[in-house]
>>> print(open('model_11.cif').read())   # mmCIF, C-alpha atoms and all ligand atoms
data_upload
loop_
_atom_site.label_atom_id
_atom_site.label_comp_id
_atom_site.auth_asym_id
_atom_site.auth_seq_id
_atom_site.Cartn_x
_atom_site.Cartn_y
_atom_site.Cartn_z
CA MET T 1 204.27 -137.56 81.93
CA MET T 2 206.19 -140.60 80.71
CA ALA T 3 209.67 -140.99 82.15
CA ASP T 4 211.90 -142.16 79.30
CA GLU T 5 215.59 -141.41 79.73
CA GLY T 6 214.58 -138.28 81.61
CA ARG T 7 212.50 -137.06 78.68
CA PRO T 8 208.88 -135.97 78.99
CA SER T 9 207.76 -138.47 76.40
CA ALA T 10 209.33 -140.72 73.80
CA ALA T 11 206.78 -139.50 71.29
CA PRO T 12 208.00 -137.03 68.66
CA ILE T 13 207.29 -133.33 68.64
CA LEU T 14 204.62 -132.71 66.01
CA ILE T 15 205.04 -129.57 63.89
CA ILE T 16 202.21 -128.33 61.71
CA GLY T 17 203.21 -126.38 58.59
CA ALA T 18 206.22 -126.49 56.26
CA GLY T 19 206.60 -122.74 55.87
CA PRO T 20 209.90 -121.08 56.78
CA VAL T 21 208.99 -121.14 60.48
CA GLY T 22 207.90 -124.78 60.82
CA LEU T 23 210.92 -125.97 58.81
CA SER T 24 213.24 -123.83 60.96
CA LEU T 25 211.78 -125.27 64.15
CA GLY T 26 212.13 -128.80 62.78
CA LEU T 27 215.74 -128.20 61.81
CA ALA T 28 216.70 -126.63 65.15
CA LEU T 29 215.09 -129.52 67.07
CA ALA T 30 216.42 -132.30 64.87
CA ARG T 31 219.95 -130.90 64.97
CA ALA T 32 219.69 -131.04 68.76
CA GLY T 33 218.76 -134.73 68.42
CA LEU T 34 215.04 -134.44 69.27
CA PRO T 35 212.50 -136.56 67.36
CA VAL T 36 210.34 -134.47 65.03
CA GLU T 37 207.47 -135.13 62.66
CA LEU T 38 206.45 -132.25 60.44
CA PHE T 39 203.13 -132.21 58.59
CA GLU T 40 202.25 -129.99 55.64
CA ALA T 41 198.75 -129.78 54.13
CA ASP T 42 199.94 -129.18 50.57
CA ALA T 43 201.65 -131.79 48.45
CA GLU T 44 204.43 -129.32 47.54
CA LEU T 45 206.07 -126.42 49.32
CA ASN T 46 204.37 -123.05 48.82
CA ASN T 47 205.56 -121.20 45.71
CA GLN T 48 203.89 -117.84 46.32
CA ILE T 49 205.79 -114.53 46.13
CA ARG T 50 205.98 -113.53 49.78
CA ALA T 51 208.76 -112.35 52.12
CA SER T 52 212.25 -111.85 50.73
CA THR T 53 214.27 -110.16 53.49
CA PHE T 54 216.54 -112.17 55.78
CA HIS T 55 218.01 -110.05 58.55
CA PRO T 56 221.48 -110.67 60.10
CA LYS T 57 220.08 -112.36 63.21
CA THR T 58 218.25 -114.91 61.06
CA LEU T 59 221.42 -115.56 59.06
CA GLU T 60 223.24 -116.24 62.34
CA LEU T 61 220.60 -118.88 63.17
CA PHE T 62 220.94 -120.40 59.70
CA GLN T 63 224.67 -120.61 60.37
CA ALA T 64 224.01 -122.54 63.60
CA TRP T 65 221.65 -124.87 61.72
CA GLY T 66 224.18 -125.52 58.93
CA VAL T 67 222.25 -123.92 56.05
CA VAL T 68 223.62 -120.39 55.83
CA GLU T 69 225.99 -120.93 52.90
CA ALA T 70 223.28 -122.62 50.83
CA ILE T 71 220.85 -119.77 51.50
CA LEU T 72 223.43 -117.02 50.93
CA ALA T 73 224.17 -118.60 47.55
CA GLN T 74 220.52 -118.07 46.53
CA GLY T 75 220.21 -114.40 47.51
CA HIS T 76 221.46 -110.89 46.97
CA LYS T 77 223.52 -109.29 49.78
CA VAL T 78 222.35 -105.73 50.42
CA ASP T 79 224.96 -103.50 52.04
CA ARG T 80 222.86 -100.33 52.43
CA LEU T 81 219.36 -99.19 53.14
CA GLN T 82 218.00 -96.03 51.56
CA TYR T 83 215.08 -93.74 52.31
CA TRP T 84 213.85 -91.43 49.57
CA GLU T 85 211.28 -88.67 49.26
CA ARG T 86 209.11 -89.15 46.19
CA GLU T 87 208.17 -85.50 45.67
CA PRO T 88 210.52 -83.68 45.31
CA ARG T 89 212.54 -86.78 44.37
CA GLN T 90 215.57 -86.90 46.66
CA LEU T 91 217.64 -89.26 48.76
CA VAL T 92 216.80 -88.58 52.41
CA ALA T 93 219.20 -90.96 54.16
CA GLU T 94 221.43 -93.92 53.47
CA PHE T 95 222.40 -96.41 56.18
CA ASN T 96 225.47 -98.48 55.43
CA TYR T 97 225.67 -101.89 57.09
CA ALA T 98 229.44 -101.44 57.47
CA VAL T 99 228.66 -99.73 60.81
CA ILE T 100 227.56 -103.08 62.27
CA ALA T 101 230.50 -105.07 60.85
CA SER T 102 231.88 -105.78 64.32
CA ASP T 103 228.45 -106.78 65.70
CA THR T 104 227.62 -109.70 63.43
CA PRO T 105 229.34 -111.97 60.91
CA TYR T 106 226.53 -111.01 58.49
CA PRO T 107 226.51 -107.20 58.27
CA PHE T 108 223.96 -107.02 55.46
CA ARG T 109 220.40 -108.05 54.70
CA LEU T 110 219.87 -110.86 52.27
CA GLN T 111 217.16 -110.53 49.64
CA CYS T 112 216.11 -114.07 48.76
CA PRO T 113 212.57 -115.26 48.05
CA GLN T 114 211.04 -117.17 50.95
CA HIS T 115 210.02 -120.04 48.64
CA VAL T 116 213.66 -120.45 47.58
CA ALA T 117 214.86 -120.54 51.20
CA THR T 118 212.27 -123.17 52.19
CA ARG T 119 213.65 -125.35 49.40
CA VAL T 120 217.00 -125.28 51.20
CA LEU T 121 215.51 -125.85 54.66
CA LYS T 122 213.34 -128.87 53.79
CA PRO T 123 216.09 -131.16 52.39
CA ALA T 124 218.35 -130.09 55.27
CA LEU T 125 215.64 -131.20 57.70
CA GLU T 126 215.04 -134.46 55.84
CA ALA T 127 218.77 -135.21 55.96
CA THR T 128 218.77 -135.26 59.78
CA ALA T 129 218.55 -138.57 61.64
CA THR T 130 215.53 -137.73 63.81
CA ALA T 131 213.07 -135.86 61.54
CA ARG T 132 210.35 -137.00 59.16
CA VAL T 133 208.43 -134.68 56.84
CA HIS T 134 204.92 -135.64 55.70
CA MET T 135 203.58 -133.62 52.76
CA GLY T 136 199.89 -133.81 51.88
CA HIS T 137 198.88 -134.10 55.56
CA LYS T 138 196.33 -131.50 56.55
CA LEU T 139 195.72 -131.18 60.28
CA LEU T 140 192.03 -131.66 61.01
CA ASP T 141 192.09 -131.49 64.81
CA PHE T 142 194.03 -132.67 67.84
CA THR T 143 193.53 -133.78 71.43
CA ASP T 144 195.71 -132.75 74.37
CA HIS T 145 195.73 -135.68 76.80
CA GLY T 146 197.81 -133.89 79.42
CA ASP T 147 200.75 -136.27 79.00
CA GLY T 148 200.84 -136.09 75.20
CA VAL T 149 198.84 -135.19 72.10
CA THR T 150 197.18 -137.01 69.24
CA ALA T 151 196.47 -135.30 65.94
CA ARG T 152 194.30 -136.31 63.00
CA PHE T 153 195.31 -135.52 59.41
CA GLN T 154 193.50 -135.65 56.10
CA THR T 155 195.66 -137.34 53.44
CA ALA T 156 194.98 -138.58 49.90
CA ASP T 157 194.60 -142.06 51.41
CA GLY T 158 192.17 -141.07 54.14
CA ILE T 159 192.49 -139.90 57.72
CA VAL T 160 195.62 -140.79 59.70
CA THR T 161 196.32 -140.25 63.40
CA ARG T 162 199.70 -139.50 64.97
CA ALA T 163 200.75 -139.31 68.62
CA GLY T 164 203.23 -136.76 69.87
CA SER T 165 204.65 -135.16 72.99
CA TYR T 166 203.87 -131.57 71.94
CA LEU T 167 202.10 -130.00 68.98
CA CYS T 168 203.64 -126.84 67.48
CA GLY T 169 201.35 -124.78 65.23
CA ALA T 170 203.43 -123.10 62.53
CA ASP T 171 200.41 -123.28 60.24
CA GLY T 172 200.23 -119.66 59.15
CA SER T 173 197.89 -116.78 59.82
CA HIS T 174 194.70 -118.85 59.41
CA SER T 175 196.09 -121.40 61.88
CA THR T 176 193.88 -124.41 62.56
CA VAL T 177 195.80 -124.94 65.80
CA ARG T 178 195.07 -121.41 67.07
CA LYS T 179 191.42 -121.68 66.07
CA GLN T 180 190.95 -125.04 67.77
CA LEU T 181 192.49 -123.63 70.95
CA GLY T 182 190.05 -120.72 70.76
CA ILE T 183 192.90 -118.24 71.25
CA GLY T 184 191.99 -114.68 70.23
CA PHE T 185 193.96 -112.89 67.50
CA GLN T 186 193.52 -109.20 68.20
CA GLY T 187 194.72 -106.34 66.07
CA LYS T 188 193.98 -104.41 62.92
CA THR T 189 193.90 -104.73 59.16
CA TYR T 190 195.36 -101.81 57.21
CA ALA T 191 193.02 -100.08 54.79
CA ASP T 192 195.79 -99.95 52.17
CA ARG T 193 196.80 -102.92 50.09
CA PHE T 194 200.31 -103.73 48.85
CA LEU T 195 200.68 -104.14 45.07
CA LEU T 196 203.88 -105.92 44.11
CA ILE T 197 205.16 -105.84 40.53
CA GLY T 198 208.13 -108.10 39.80
CA SER T 199 210.04 -107.26 36.63
CA ASP T 200 213.45 -107.18 34.95
CA LEU T 201 213.70 -103.38 35.18
CA ASN T 202 217.07 -101.91 36.14
CA THR T 203 215.97 -99.56 38.92
CA GLY T 204 219.53 -98.28 39.48
CA ASP T 205 219.44 -96.75 35.98
CA LEU T 206 215.93 -95.34 36.35
CA LEU T 207 216.48 -93.75 39.76
CA PRO T 208 220.08 -92.51 39.69
CA GLY T 209 221.79 -93.12 43.03
CA ALA T 210 219.27 -95.77 44.05
CA GLY T 211 220.67 -98.68 46.03
CA PRO T 212 219.28 -102.22 45.97
CA VAL T 213 216.69 -101.51 48.70
CA CYS T 214 214.82 -98.18 48.78
CA TYR T 215 211.82 -97.03 50.79
CA VAL T 216 210.27 -94.07 48.96
CA PHE T 217 208.03 -91.91 51.16
CA ASP T 218 204.86 -90.40 49.80
CA PRO T 219 201.55 -89.63 51.49
CA GLN T 220 199.60 -90.70 48.36
CA GLU T 221 201.58 -93.55 46.86
CA TRP T 222 204.72 -94.72 48.66
CA VAL T 223 206.96 -97.22 46.88
CA ILE T 224 209.37 -99.93 48.07
CA ILE T 225 212.12 -101.20 45.76
CA LEU T 226 213.73 -104.56 46.51
CA ASN T 227 216.37 -105.99 44.20
CA LEU T 228 216.60 -109.78 44.28
CA PRO T 229 218.60 -112.09 42.04
CA ASP T 230 217.01 -112.00 38.55
CA ILE T 231 214.07 -109.81 39.56
CA VAL T 232 213.26 -106.43 41.04
CA ARG T 233 210.17 -106.16 43.20
CA VAL T 234 208.54 -102.73 43.18
CA VAL T 235 205.77 -102.50 45.77
CA PHE T 236 203.19 -99.70 45.55
CA ARG T 237 200.61 -98.52 47.99
CA MET T 238 197.14 -99.28 46.68
CA THR T 239 194.36 -97.46 48.46
CA ASP T 240 191.11 -99.11 49.50
CA ASP T 241 189.04 -97.28 46.89
CA GLU T 242 191.05 -98.58 43.90
CA ASP T 243 189.50 -101.35 41.85
CA GLN T 244 191.56 -104.52 42.05
CA GLU T 245 190.74 -105.87 38.60
CA PHE T 246 191.52 -102.52 36.97
CA ALA T 247 194.80 -102.13 38.86
CA LEU T 248 196.02 -105.59 37.88
CA ARG T 249 195.52 -105.13 34.12
CA GLU T 250 198.92 -105.15 32.43
CA GLU T 251 198.49 -101.69 30.87
CA ASN T 252 197.66 -100.25 34.29
CA LEU T 253 200.60 -101.97 35.98
CA ARG T 254 202.83 -100.42 33.31
CA ALA T 255 201.17 -97.02 33.77
CA ARG T 256 201.94 -97.18 37.50
CA ILE T 257 205.58 -98.01 36.77
CA HIS T 258 205.74 -95.16 34.23
CA ASN T 259 204.13 -92.73 36.63
CA PHE T 260 206.87 -93.42 39.15
CA PHE T 261 209.99 -94.02 37.02
CA GLY T 262 209.14 -92.04 33.86
CA GLU T 263 210.25 -93.43 30.49
CA THR T 264 211.71 -96.93 30.74
CA PRO T 265 213.42 -99.22 28.25
CA PRO T 266 211.30 -102.25 27.29
CA TYR T 267 210.88 -104.61 30.24
CA ARG T 268 209.06 -107.78 31.18
CA ILE T 269 206.61 -108.08 34.06
CA LYS T 270 207.42 -111.43 35.65
CA THR T 271 204.95 -111.52 38.50
CA THR T 272 202.35 -109.51 40.39
CA GLN T 273 200.91 -109.89 43.85
CA LEU T 274 198.24 -107.89 45.63
CA TYR T 275 197.73 -108.38 49.35
CA ARG T 276 196.27 -106.94 52.51
CA VAL T 277 198.37 -106.61 55.62
CA HIS T 278 197.50 -107.02 59.28
CA GLN T 279 198.94 -106.32 62.70
CA ARG T 280 197.69 -109.04 65.04
CA VAL T 281 199.07 -110.94 68.02
CA ALA T 282 197.56 -114.09 69.56
CA ASP T 283 196.37 -113.67 73.16
CA SER T 284 198.67 -116.51 74.19
CA PHE T 285 201.29 -118.56 72.34
CA ARG T 286 200.69 -121.66 74.44
CA MET T 287 197.85 -123.73 75.82
CA GLY T 288 198.82 -127.03 77.49
CA ARG T 289 200.90 -129.04 75.04
CA ALA T 290 200.03 -126.92 72.02
CA ILE T 291 202.29 -124.00 71.11
CA LEU T 292 201.97 -121.32 68.42
CA LEU T 293 204.75 -119.68 66.44
CA GLY T 294 205.30 -117.62 63.29
CA ASP T 295 202.30 -116.19 61.45
CA ALA T 296 200.01 -118.44 63.51
CA ALA T 297 201.01 -116.34 66.54
CA HIS T 298 201.58 -112.88 65.06
CA ASN T 299 201.19 -110.90 61.83
CA ASN T 300 202.63 -107.49 61.02
CA ASN T 301 202.89 -105.19 58.04
CA PRO T 302 205.95 -106.14 55.96
CA SER T 303 207.56 -102.69 55.66
CA GLY T 304 210.45 -103.59 57.99
CA GLY T 305 210.72 -107.16 56.65
CA MET T 306 210.21 -108.56 60.15
CA GLY T 307 207.27 -110.99 59.91
CA MET T 308 209.01 -114.11 58.67
CA ASN T 309 212.21 -113.23 60.53
CA SER T 310 210.50 -112.93 63.90
CA GLY T 311 208.76 -116.26 63.25
CA ILE T 312 212.14 -117.91 62.64
CA HIS T 313 213.37 -116.32 65.89
CA ASP T 314 210.31 -117.83 67.65
CA ALA T 315 211.45 -121.20 66.29
CA ALA T 316 214.96 -120.76 67.72
CA ASN T 317 213.63 -119.73 71.14
CA LEU T 318 211.09 -122.57 71.27
CA ALA T 319 213.60 -125.19 70.11
CA GLU T 320 215.97 -124.21 72.92
CA LYS T 321 213.18 -124.48 75.53
CA LEU T 322 212.06 -127.88 74.19
CA ARG T 323 215.66 -129.10 74.21
CA ARG T 324 215.95 -128.23 77.90
CA ILE T 325 212.57 -129.85 78.65
CA TRP T 326 213.83 -132.96 76.86
CA GLN T 327 216.80 -132.95 79.22
CA GLY T 328 214.47 -132.98 82.21
CA GLU T 329 213.56 -129.36 83.00
CA ALA T 330 209.93 -128.54 83.82
CA ASP T 331 207.73 -127.60 80.92
CA ASP T 332 206.91 -124.29 82.62
CA LEU T 333 209.72 -123.18 80.31
CA LEU T 334 207.03 -122.98 77.64
CA ASP T 335 205.42 -120.15 79.60
CA GLU T 336 208.73 -118.31 79.32
CA TYR T 337 208.62 -118.91 75.56
CA THR T 338 205.13 -117.45 75.28
CA HIS T 339 206.00 -114.49 77.50
CA GLU T 340 209.30 -113.65 75.75
CA ARG T 341 208.08 -114.02 72.21
CA ARG T 342 204.70 -112.39 72.77
CA CYS T 343 206.36 -109.38 74.39
CA TYR T 344 208.80 -109.15 71.50
CA ALA T 345 205.97 -109.32 68.95
CA MET T 346 203.97 -106.64 70.78
CA GLU T 347 206.69 -104.30 71.97
CA SER T 348 209.22 -104.55 69.20
CA VAL T 349 207.98 -105.94 65.89
CA GLN T 350 204.52 -104.35 65.98
CA LEU T 351 205.83 -100.99 67.11
CA TYR T 352 208.72 -100.90 64.65
CA SER T 353 206.70 -102.03 61.64
CA ASP T 354 203.87 -99.63 62.43
CA GLN T 355 206.38 -96.79 62.80
CA GLN T 356 207.99 -97.72 59.47
CA TYR T 357 204.60 -97.72 57.85
CA ASN T 358 203.62 -94.37 59.37
CA HIS T 359 206.87 -92.89 58.09
CA MET T 360 205.96 -93.89 54.56
CA VAL T 361 202.57 -92.18 54.58
CA MET T 362 203.41 -89.13 56.73
CA ALA T 363 201.33 -86.29 55.32
CA THR T 364 201.98 -82.88 56.89
CA GLU T 365 204.93 -80.86 55.66
CA GLU T 366 206.18 -80.29 59.19
CA ALA T 367 206.13 -83.99 60.09
CA ARG T 368 207.80 -84.97 56.83
CA LEU T 369 210.62 -82.44 57.27
CA GLN T 370 211.19 -83.59 60.85
CA ARG T 371 211.24 -87.26 59.78
CA ASN T 372 213.73 -86.52 57.01
CA LYS T 373 215.94 -84.42 59.29
CA THR T 374 216.02 -87.12 61.99
CA LEU T 375 216.80 -89.89 59.51
CA ALA T 376 219.51 -87.85 57.75
CA GLU T 377 221.20 -86.91 61.05
CA THR T 378 221.00 -90.48 62.36
CA ALA T 379 222.53 -91.91 59.18
CA VAL T 380 225.66 -89.72 59.32
CA ASN T 381 226.29 -90.24 63.05
CA PRO T 382 228.17 -93.59 63.32
CA ALA T 383 226.95 -94.44 66.86
CA GLN T 384 223.34 -93.58 66.03
CA ALA T 385 223.51 -95.28 62.64
CA ARG T 386 224.84 -98.43 64.32
CA ALA T 387 221.99 -98.41 66.86
CA TYR T 388 219.48 -97.79 64.07
CA LEU T 389 220.74 -100.68 61.94
CA LEU T 390 221.00 -103.07 64.90
CA ARG T 391 217.34 -102.40 65.58
CA ALA T 392 216.39 -102.76 61.91
CA SER T 393 218.39 -106.01 61.88
CA MET T 394 216.52 -107.34 64.95
CA LEU T 395 219.75 -107.30 66.96
CA GLU T 396 218.63 -104.61 69.40
CA GLU T 397 219.98 -106.55 72.40
CA ARG T 398 223.49 -105.70 71.10
CA ILE T 399 222.94 -101.93 71.16
C1 LIG F 401 200.88 -112.53 49.93
C2 LIG F 401 201.87 -112.37 51.05
C3 LIG F 401 202.97 -111.53 50.88
C4 LIG F 401 203.87 -111.35 51.92
N1 LIG F 401 204.93 -110.52 51.73
C5 LIG F 401 205.79 -110.32 52.75
C6 LIG F 401 206.88 -109.43 52.59
O1 LIG F 401 207.05 -108.81 51.54
N2 LIG F 401 207.72 -109.26 53.64
C7 LIG F 401 207.53 -109.93 54.85
O2 LIG F 401 208.31 -109.75 55.79
N3 LIG F 401 206.52 -110.79 55.00
C8 LIG F 401 205.65 -110.99 53.99
N4 LIG F 401 204.63 -111.84 54.16
C9 LIG F 401 204.54 -112.57 55.42
C10 LIG F 401 205.46 -113.80 55.41
O3 LIG F 401 205.30 -114.48 54.20
C11 LIG F 401 205.12 -114.65 56.62
O4 LIG F 401 205.47 -113.91 57.78
C12 LIG F 401 205.80 -116.01 56.63
O5 LIG F 401 205.40 -116.80 55.54
C13 LIG F 401 205.47 -116.74 57.92
O6 LIG F 401 205.92 -118.06 57.87
P1 LIG F 401 205.14 -119.23 58.59
O7 LIG F 401 205.99 -120.44 58.35
O8 LIG F 401 204.79 -118.83 59.97
O9 LIG F 401 203.75 -119.35 57.85
P2 LIG F 401 203.45 -119.77 56.31
O10 LIG F 401 204.58 -119.37 55.43
O11 LIG F 401 202.10 -119.23 56.01
O12 LIG F 401 203.42 -121.34 56.38
C14 LIG F 401 202.36 -122.05 56.97
C15 LIG F 401 202.31 -123.44 56.36
O13 LIG F 401 201.34 -124.20 57.07
C16 LIG F 401 200.58 -124.94 56.15
N5 LIG F 401 199.28 -125.25 56.78
C17 LIG F 401 198.26 -124.40 57.02
N6 LIG F 401 197.25 -125.04 57.60
C18 LIG F 401 197.63 -126.33 57.76
C19 LIG F 401 197.01 -127.49 58.28
N7 LIG F 401 195.76 -127.47 58.79
N8 LIG F 401 197.70 -128.67 58.28
C20 LIG F 401 198.97 -128.71 57.78
N9 LIG F 401 199.60 -127.65 57.24
C21 LIG F 401 198.94 -126.48 57.23
C22 LIG F 401 200.47 -124.04 54.94
O14 LIG F 401 200.15 -124.77 53.77
C23 LIG F 401 201.85 -123.42 54.89
O15 LIG F 401 202.75 -124.18 54.12
C24 LIG F 401 203.70 -112.03 53.14
C25 LIG F 401 202.61 -112.88 53.31
C26 LIG F 401 201.70 -113.04 52.28
C27 LIG F 401 200.52 -113.96 52.49
#
>>> encode(input="model_11.cif", output="structure tokens", more="lines below")
Ligand SMILES: Cc1cc2nc3c(=O)[nH]c(=O)nc-3n(C[C@H](O)[C@H](O)[C@H](O)COP(=O)(O)OP(=O)(O)OC[C@H]3O[C@@H](n4cnc5c(N)ncnc54)[C@H](O)[C@@H]3O)c2cc1C
Amino acid sequence: MMADEGRPSAAPILIIGAGPVGLSLGLALARAGLPVELFEADAELNNQIRASTFHPKTLELFQAWGVVEAILAQGHKVDRLQYWEREPRQLVAEFNYAVIASDTPYPFRLQCPQHVATRVLKPALEATATARVHMGHKLLDFTDHGDGVTARFQTADGIVTRAGSYLCGADGSHSTVRKQLGIGFQGKTYADRFLLIGSDLNTGDLLPGAGPVCYVFDPQEWVIILNLPDIVRVVFRMTDDEDQEFALREENLRARIHNFFGETPPYRIKTTQLYRVHQRVADSFRMGRAILLGDAAHNNNPSGGMGMNSGIHDAANLAEKLRRIWQGEADDLLDEYTHERRCYAMESVQLYSDQQYNHMVMATEEARLQRNKTLAETAVNPAQARAYLLRASMLEERI
């Protein structure tokens, strides 16, 4: 280990991946004055329709990193969460975020596309004094020398090598870093697929009483409605036996919308997305000087909107540990990072998102009635509703 002003190494911390998690880590580190170099394989930030929910805890971190106002300006503040039964169509429970108004400065969830938020995070990172962002740099491999790392990248101009103190893999679910480390990624893939249809429908008119975010239970075809600025995302369950090409034809997308909402005024389909979902957690989040975070470390089904959020929380936890290491503490702190965040992924995010998913598909009449009764009673009891929303907001430590 190189002694340089009490720091483990003068070399920068290398971050792989300019998704929401890598950019968050870069920003947290650079704002603490640590040198950072972030490498992204693609020439531009990802533009895919992916996560859109930012929970209160994440907004608190954005506040600490100086980007909250810019991100709030791009999203839609959602003040209530609704659960519906599809058949017979009825509102089961409504949770109002007002019950957590004294727990957080952001008592709401923000619906804002992930690719819009990353376009706020990247310039904020580039504006710091200690960070550099390299687009078009695909990590090929790296070497851990014990007292530092070197990494090789493919660029348009050939292969380049960079030295660093640590290498942080925020390179998504197919992580090159995780694969090179040979770390297992155990878990399951759901048989169902998620079919997202983005349109300019007014779902409040079509489902009277519907709020901006609704989870609609149904053992055959559950539905999730998410209102974002300028677009509503309606996500349908698509079973394994349905043909993908058939389902994605425009007339069949419209038939699915009609089957759920009934007659609609003319509307425009703006986007579609069909994806599989997984629940997986890496066997370890750290090996030597290489550390995993975000989707590289854990995946979960998106029904509670926790995947991206928990990755951003990994970034905050890791940045704090690296800051302390930079000030001279032993790098055993990284074992605390892996323990804390792996436990959280296993014991909280995976359990909660699986439970949310199971609620949506619950089949027997008895189980459905019990679920509805429990949710309805919880929602009208202020103490229980507060505990419920703190957990849904990933603020369970404040319960
Ligand atoms: C189709 C889809 C839909 C989703 N929908 C939802 C949703 O509705 N709700 C929800 O909560 N979550 C959803 N998710 C999950 C959510 O998008 C992720 O949890 C989130 O993107 C994780 O962020 P990340 O920064 O860890 O990884 P990513 O966003 O995947 O970013 C990883 C980055 O690393 C880069 N990279 C990869 N390999 C290399 C390399 N070798 N060298 C350099 N760079 C590299 C990639 O190009 C990418 O930019 C969805 C995911 C997908 C794929």
>>> residues_around(input="model_11.cif", residues="T:Val232", least_positions_apart="4", cutoff="6 Å", atoms="all atoms listed in the file", output="list in words")
Gly198, Ser199, Leu226, Asn227 and Leu228 of chain T
>>> residues_near_ligand(input="model_11.cif", ligand="ligand LIG 401 (chain F)", cutoff="7 Å", atoms="all atoms listed in the file", output="PyMOL selection string")
chain T and resi 16-22+39-42+45-46+49-53+137-140+170-176+273-275+293-296+299+302-308+311
>>> write_last_selection(input="model_11.cif", atoms="C-alpha atoms", output="PDB file, in the coordinates of the input")
ATOM      1  CA  ILE T  16     202.210-128.330  61.710  1.00  0.00           C
ATOM      2  CA  GLY T  17     203.210-126.380  58.590  1.00  0.00           C
ATOM      3  CA  ALA T  18     206.220-126.490  56.260  1.00  0.00           C
ATOM      4  CA  GLY T  19     206.600-122.740  55.870  1.00  0.00           C
ATOM      5  CA  PRO T  20     209.900-121.080  56.780  1.00  0.00           C
ATOM      6  CA  VAL T  21     208.990-121.140  60.480  1.00  0.00           C
ATOM      7  CA  GLY T  22     207.900-124.780  60.820  1.00  0.00           C
ATOM      8  CA  PHE T  39     203.130-132.210  58.590  1.00  0.00           C
ATOM      9  CA  GLU T  40     202.250-129.990  55.640  1.00  0.00           C
ATOM     10  CA  ALA T  41     198.750-129.780  54.130  1.00  0.00           C
ATOM     11  CA  ASP T  42     199.940-129.180  50.570  1.00  0.00           C
ATOM     12  CA  LEU T  45     206.070-126.420  49.320  1.00  0.00           C
ATOM     13  CA  ASN T  46     204.370-123.050  48.820  1.00  0.00           C
ATOM     14  CA  ILE T  49     205.790-114.530  46.130  1.00  0.00           C
ATOM     15  CA  ARG T  50     205.980-113.530  49.780  1.00  0.00           C
ATOM     16  CA  ALA T  51     208.760-112.350  52.120  1.00  0.00           C
ATOM     17  CA  SER T  52     212.250-111.850  50.730  1.00  0.00           C
ATOM     18  CA  THR T  53     214.270-110.160  53.490  1.00  0.00           C
ATOM     19  CA  HIS T 137     198.880-134.100  55.560  1.00  0.00           C
ATOM     20  CA  LYS T 138     196.330-131.500  56.550  1.00  0.00           C
ATOM     21  CA  LEU T 139     195.720-131.180  60.280  1.00  0.00           C
ATOM     22  CA  LEU T 140     192.030-131.660  61.010  1.00  0.00           C
ATOM     23  CA  ALA T 170     203.430-123.100  62.530  1.00  0.00           C
ATOM     24  CA  ASP T 171     200.410-123.280  60.240  1.00  0.00           C
ATOM     25  CA  GLY T 172     200.230-119.660  59.150  1.00  0.00           C
ATOM     26  CA  SER T 173     197.890-116.780  59.820  1.00  0.00           C
ATOM     27  CA  HIS T 174     194.700-118.850  59.410  1.00  0.00           C
ATOM     28  CA  SER T 175     196.090-121.400  61.880  1.00  0.00           C
ATOM     29  CA  THR T 176     193.880-124.410  62.560  1.00  0.00           C
ATOM     30  CA  GLN T 273     200.910-109.890  43.850  1.00  0.00           C
ATOM     31  CA  LEU T 274     198.240-107.890  45.630  1.00  0.00           C
ATOM     32  CA  TYR T 275     197.730-108.380  49.350  1.00  0.00           C
ATOM     33  CA  LEU T 293     204.750-119.680  66.440  1.00  0.00           C
ATOM     34  CA  GLY T 294     205.300-117.620  63.290  1.00  0.00           C
ATOM     35  CA  ASP T 295     202.300-116.190  61.450  1.00  0.00           C
ATOM     36  CA  ALA T 296     200.010-118.440  63.510  1.00  0.00           C
ATOM     37  CA  ASN T 299     201.190-110.900  61.830  1.00  0.00           C
ATOM     38  CA  PRO T 302     205.950-106.140  55.960  1.00  0.00           C
ATOM     39  CA  SER T 303     207.560-102.690  55.660  1.00  0.00           C
ATOM     40  CA  GLY T 304     210.450-103.590  57.990  1.00  0.00           C
ATOM     41  CA  GLY T 305     210.720-107.160  56.650  1.00  0.00           C
ATOM     42  CA  MET T 306     210.210-108.560  60.150  1.00  0.00           C
ATOM     43  CA  GLY T 307     207.270-110.990  59.910  1.00  0.00           C
ATOM     44  CA  MET T 308     209.010-114.110  58.670  1.00  0.00           C
ATOM     45  CA  GLY T 311     208.760-116.260  63.250  1.00  0.00           C
TER      46      GLY T 311
END
>>> closest_residue(input="model_11.cif", among="T:Gly164, T:Gly187, T:Gly169, T:Gly211", to="T:Asn301", atoms="all atoms listed in the file")
T:Gly187
>>> atom_distance(input="model_11.cif", atom1="atom CA of T:Gln111", atom2="atom CA of T:Gly75")
5.4 Å
>>> closest_residue(input="model_11.cif", among="T:Ala93, T:Ala131, T:Val216, T:Leu27", to="T:Met362", atoms="only C-alpha atoms")
T:Val216
>>> closest_residue(input="model_11.cif", among="T:Met346, T:Leu390, T:Ile269, T:Ala101", to="T:Asp230", atoms="all atoms listed in the file")
T:Ile269
>>> atom_distance(input="model_11.cif", atom1="atom CA of T:His145", atom2="atom CA of T:Val160")
17.8 Å
>>> atom_distance(input="model_11.cif", atom1="atom CA of T:Tyr166", atom2="atom CA of T:Val36")
9.9 Å
>>> closest_residue(input="model_11.cif", among="T:Ala392, T:Ile183, T:Val116, T:Ile13", to="T:Ser284", atoms="all atoms listed in the file")
T:Ile183
>>> residues_around(input="model_11.cif", residues="stretch 235-247 of chain T", least_positions_apart="2", cutoff="12 Å", atoms="all atoms listed in the file", output="VMD selection string")
chain T and resid 50 189 to 199 213 to 227 232 to 233 249 to 257 259 to 260 271 to 277 302 to 303 357 360 to 361
